[in-house]
Amino acid sequence: MKLRRRQRERLSLGIQYLVFVAIIAAVLVAADWGRLADAFFRVDIIESMFPTIITVALRNTILYTVGAFAFGLVFGTVLALMRLSRVAPYRWVATAYIELFRGLPALLVLFLVGYGIPIAFPEREIPGGVFGSIAIGLGLTAAAYMAETIRAGIQAVPKGQMEAARTLGMSHVTAMRTIVIPQAFRIVIPPLTNELILLTKDSSLAYVLGVTASTIEVTKFGRDMLNDRVNATPLLVAGLAYLVITLPLSQVVRRLELRYAKAR
Amino acid sequence: MTTTPSRPAVEIRDLHKSFGALEVLKGIDFEVGQGEVVCVIGPSGSGKSTLLRCVDLLEEPTAGRIWVNGVEMTDPDVEIDAVRRGIGMVFQSFNLFPHLTVLNNLTVAQRRVLRRGRAEAERIARANLERVGLSDKADAFPAQLSGGQQQRAAIARSLSMEPKLMLFDEPTSALDPELVGDVLTVMRKLAEDGMTMMVVTHEMAFARDVADRVVFMDGGVVVEQGPPQEVLGAPKHERTRAFLARVLDPTRVARLGQPDESPAPPEGPGLPTDGRHIV
Ligand SMILES: Nc1ncnc2c1ncn2[C@@H]1O[C@H](COP(=O)(O)OP(=O)(O)OP(=O)(O)O)[C@@H](O)[C@H]1O
Ligand SMILES: [Mg+2]
């Protein structure tokens, strides 16, 4: 039997739907829902996690993430500008830094900042305590990634923009600040958001600095509860807590992109 | 920075420019007087853009000297940002700032460079938008404008800095034919208002009607220059004739010799009335 192209397409699509439904059905039937609910969805445990998971754990996760992102963004922008500098040593230093920190695990950097800096400078403290250590510890790694993203964004701004700004009498620095960098940031919003989402999850590394009840974040909180209650429900709740951050974030970014699309 | 009003707006002496091994400008000497409108024409690749960009120091000359309003651009210690305030530059690709509204495109340099207050900068910006016929587009973003409107906004942006000299690099080459006229009208008005202009263009009718002098470039040198009716109407050099024959189709060449078909502006240089034909 020979099928015509449209018939073949329809058949292939039909089979794909069928496979999808079959797999869902198999999982639904095969899974032991009672035991699953017992392990992952104990209402009493969920209730016991509130409100601490929001007022302390989620709040700290957000604080650490925002802190690390802000530090990484500022430092990353500086590194990006150094990489584009006319002064060769700036380029060398920035390149070396970026290569080094992109190669090191974030956990290691966090550890070095948390324990190395206090040993190296016993007189001084990192401002902000645990928060400061995490913001800097994670931000140092994030800066290396963001620097490359921002540099690519700056280079993606057409050369004519800088030229037009310079012919209006702007200095290189003014043109960079008011014309080129604002456009570069519009270009790099999507990749930078990815970085922010990655940082949200990296903030779970805070445990290596020995967090306390007041500085605990979502993952550690979930794990402590897991050990405490010998039940996996806290992990499910912790997972959902991350989605509370990342899903709205994606929405905001979509809006920003739409708004900037008009101004492009 | 001292400007000497008696000196020409632009003086170029033995200008050379190479890109690597490629010598693009091979010794250019010429001047643009105060209030003069000079059109630079020539085949593609002859170095017209490079010459114009050297005047604003967007390209670093390899050798030779350039003065703009008496200030030497080629002096290594020139206060380049200060000199450029007095020079407007209009690009083929407009180069409006896409992240700013039209109004802010016109105010950003006024505020950052000239340190004007917001109210004053906006007043001047709106006056210049009106001058180019874009009063209603102040709050639009560049992407919402047609090419012709973008180019007029770009001209208004330069004018907002109140330059003494305007440089145009093929301002209408990127435009659809029906949008060219509006831009040329703005430039014509500017010329009538006494602006000193150096215009690289392929619009021969504009050169004929508006220019005080036409400069023909080929192969990195100025081949001939003079009043439009001479250079366009009765070119002395074979290269000029060949170029004009290529850019002007026969019907337009014929019309160029008959001014009564498109009357020149009253004070304009006008065309030879003896019906001389090009080629
Ligand atoms: N930045 C550059 N690097 C290398 N070569 C260049 C550069 N800019 C221009 N050139 C070369 O210099 C020559 C002259 O270029 P220019 O843009 O001045 O010509 P033009 O007369 O403006 O031509 P067109 O009418 O096509 O705009 C060309 O051969 C071009 O390839
Ligand atoms: Mg050109």
# chains A, B, ... in the order shown; residues from 1 in each chain; ligands from 1

call {"tool": "residues_around", "arguments": {"residues": "region 51-61 of chain A", "least_positions_apart": "5", "cutoff": "10 Å", "atoms": "only C-alpha atoms", "output": "PyMOL selection string"}}
result
chain A and resi 46+66-67+131+199-204+206+213-222+234+237-238+241-242+244-245

call {"tool": "residues_near_ligand", "arguments": {"ligand": "ligand 2", "cutoff": "9 Å", "atoms": "only C-alpha atoms and all ligand atoms", "output": "list in words"}}
result
Ser44, Gly45, Ser46, Gly47, Lys48, Ser49, Thr50, Leu52, Gln92, Asp169, Glu170, Val200 and Thr201 of chain B

call {"tool": "write_last_selection", "arguments": {"atoms": "N, CA and C atoms", "output": "compact mmCIF listing (two decimals), in the first residue's frame"}}
result
# COMPACT_ATOMS: atom_id res chain seq x y z
N SER B 44 32.48 54.10 -6.93
CA SER B 44 32.58 53.33 -5.69
C SER B 44 34.04 52.94 -5.45
N GLY B 45 34.48 53.10 -4.22
CA GLY B 45 35.84 52.70 -3.88
C GLY B 45 36.88 53.76 -4.18
N SER B 46 36.43 54.94 -4.60
CA SER B 46 37.40 55.98 -4.96
C SER B 46 37.93 56.71 -3.73
N GLY B 47 37.35 56.44 -2.56
CA GLY B 47 37.87 57.03 -1.33
C GLY B 47 37.06 58.20 -0.79
N LYS B 48 35.85 58.39 -1.29
CA LYS B 48 35.01 59.51 -0.85
C LYS B 48 34.69 59.42 0.64
N SER B 49 34.21 58.24 1.06
CA SER B 49 33.87 58.07 2.48
C SER B 49 35.11 58.24 3.34
N THR B 50 36.21 57.65 2.89
CA THR B 50 37.44 57.74 3.67
C THR B 50 37.85 59.20 3.85
N LEU B 52 35.90 61.86 3.81
CA LEU B 52 34.97 62.52 4.72
C LEU B 52 35.24 62.10 6.17
N GLN B 92 25.32 57.14 6.01
CA GLN B 92 24.44 56.43 5.08
C GLN B 92 23.43 55.56 5.85
N ASP B 169 27.61 61.57 4.34
CA ASP B 169 28.16 60.47 3.56
C ASP B 169 27.01 59.68 2.91
N GLU B 170 26.74 59.95 1.68
CA GLU B 170 25.66 59.30 0.95
C GLU B 170 24.40 59.16 1.79
N VAL B 200 28.99 63.81 0.31
CA VAL B 200 29.29 62.74 -0.64
C VAL B 200 27.95 62.23 -1.14
N THR B 201 27.75 62.25 -2.45
CA THR B 201 26.42 61.88 -2.95
C THR B 201 26.48 61.32 -4.36

call {"tool": "closest_residue", "arguments": {"among": "B:Pro228, B:Pro142, B:Pro8, B:Gly27", "to": "chain A", "atoms": "only C-alpha atoms"}}
result
B:Pro142

call {"tool": "atom_distance", "arguments": {"atom1": "CA of Ile189 (chain A)", "atom2": "CA of Gln149 (chain B)"}}
result
29.3 Å

call {"tool": "select_by_dssp", "arguments": {"residues": "region 89-192 of chain B", "states": "alpha helix (DSSP H)", "output": "PyMOL selection string"}}
result
chain B and resi 102-112+118-131+147-159+177-192

call {"tool": "interface_residues", "arguments": {"of": "chain A", "to": "chain B", "cutoff": "10 Å", "atoms": "only C-alpha atoms", "output": "number ranges by chain"}}
result
A: 158-172, 174-175, 178-180, 182-183, 186, 260-264

call {"tool": "residues_around", "arguments": {"residues": "Gly114 (chain A)", "least_positions_apart": "4", "cutoff": "9 Å", "atoms": "only C-alpha atoms", "output": "number ranges by chain"}}
result
A: 109-110, 118, 126, 130, 133-134, 137, 208-209

call {"tool": "write_last_selection", "arguments": {"atoms": "N, CA and C atoms", "output": "PDB file, in the first residue's frame"}}
result
ATOM      1  N   VAL A 109      35.574  27.676  44.870  1.00  0.00           N
ATOM      2  CA  VAL A 109      35.783  29.118  45.000  1.00  0.00           C
ATOM      3  C   VAL A 109      35.082  29.625  46.263  1.00  0.00           C
ATOM      4  N   LEU A 110      33.873  29.139  46.466  1.00  0.00           N
ATOM      5  CA  LEU A 110      33.108  29.540  47.644  1.00  0.00           C
ATOM      6  C   LEU A 110      33.867  29.172  48.914  1.00  0.00           C
ATOM      7  N   PRO A 118      39.419  34.859  55.422  1.00  0.00           N
ATOM      8  CA  PRO A 118      39.581  35.132  56.860  1.00  0.00           C
ATOM      9  C   PRO A 118      40.971  34.753  57.365  1.00  0.00           C
ATOM     10  N   ILE A 126      34.801  39.957  55.861  1.00  0.00           N
ATOM     11  CA  ILE A 126      34.035  40.217  54.643  1.00  0.00           C
ATOM     12  C   ILE A 126      32.731  40.877  55.072  1.00  0.00           C
ATOM     13  N   VAL A 130      27.924  35.894  56.385  1.00  0.00           N
ATOM     14  CA  VAL A 130      27.689  34.772  55.479  1.00  0.00           C
ATOM     15  C   VAL A 130      27.176  35.293  54.137  1.00  0.00           C
ATOM     16  N   SER A 133      30.027  36.630  52.122  1.00  0.00           N
ATOM     17  CA  SER A 133      30.910  35.561  51.639  1.00  0.00           C
ATOM     18  C   SER A 133      30.287  34.832  50.462  1.00  0.00           C
ATOM     19  N   ILE A 134      28.984  34.567  50.561  1.00  0.00           N
ATOM     20  CA  ILE A 134      28.323  33.833  49.481  1.00  0.00           C
ATOM     21  C   ILE A 134      28.223  34.698  48.226  1.00  0.00           C
ATOM     22  N   GLY A 137      31.698  34.800  46.939  1.00  0.00           N
ATOM     23  CA  GLY A 137      32.158  33.459  46.567  1.00  0.00           C
ATOM     24  C   GLY A 137      31.510  32.965  45.288  1.00  0.00           C
ATOM     25  N   VAL A 208      28.428  24.917  52.520  1.00  0.00           N
ATOM     26  CA  VAL A 208      29.842  24.693  52.847  1.00  0.00           C
ATOM     27  C   VAL A 208      30.355  25.747  53.818  1.00  0.00           C
ATOM     28  N   LEU A 209      29.675  26.869  53.931  1.00  0.00           N
ATOM     29  CA  LEU A 209      30.122  27.905  54.853  1.00  0.00           C
ATOM     30  C   LEU A 209      29.503  27.705  56.235  1.00  0.00           C
TER      31      LEU A 209
END

call {"tool": "atom_distance", "arguments": {"atom1": "atom 30 (C, counted along the ligand's line) of ligand 1", "atom2": "CA of Phe216 (chain B)"}}
result
17.3 Å

call {"tool": "residues_around", "arguments": {"residues": "Val199 (chain B)", "least_positions_apart": "6", "cutoff": "12 Å", "atoms": "only C-alpha atoms", "output": "MDAnalysis selection string"}}
result
chainID B and resid 32 36:42 48:49 51:53 88:92 165:172 184 187:188 191 206:207 210:216

call {"tool": "atom_distance", "arguments": {"atom1": "CA of Ile66 (chain B)", "atom2": "CA of Val221 (chain B)"}}
result
15.8 Å
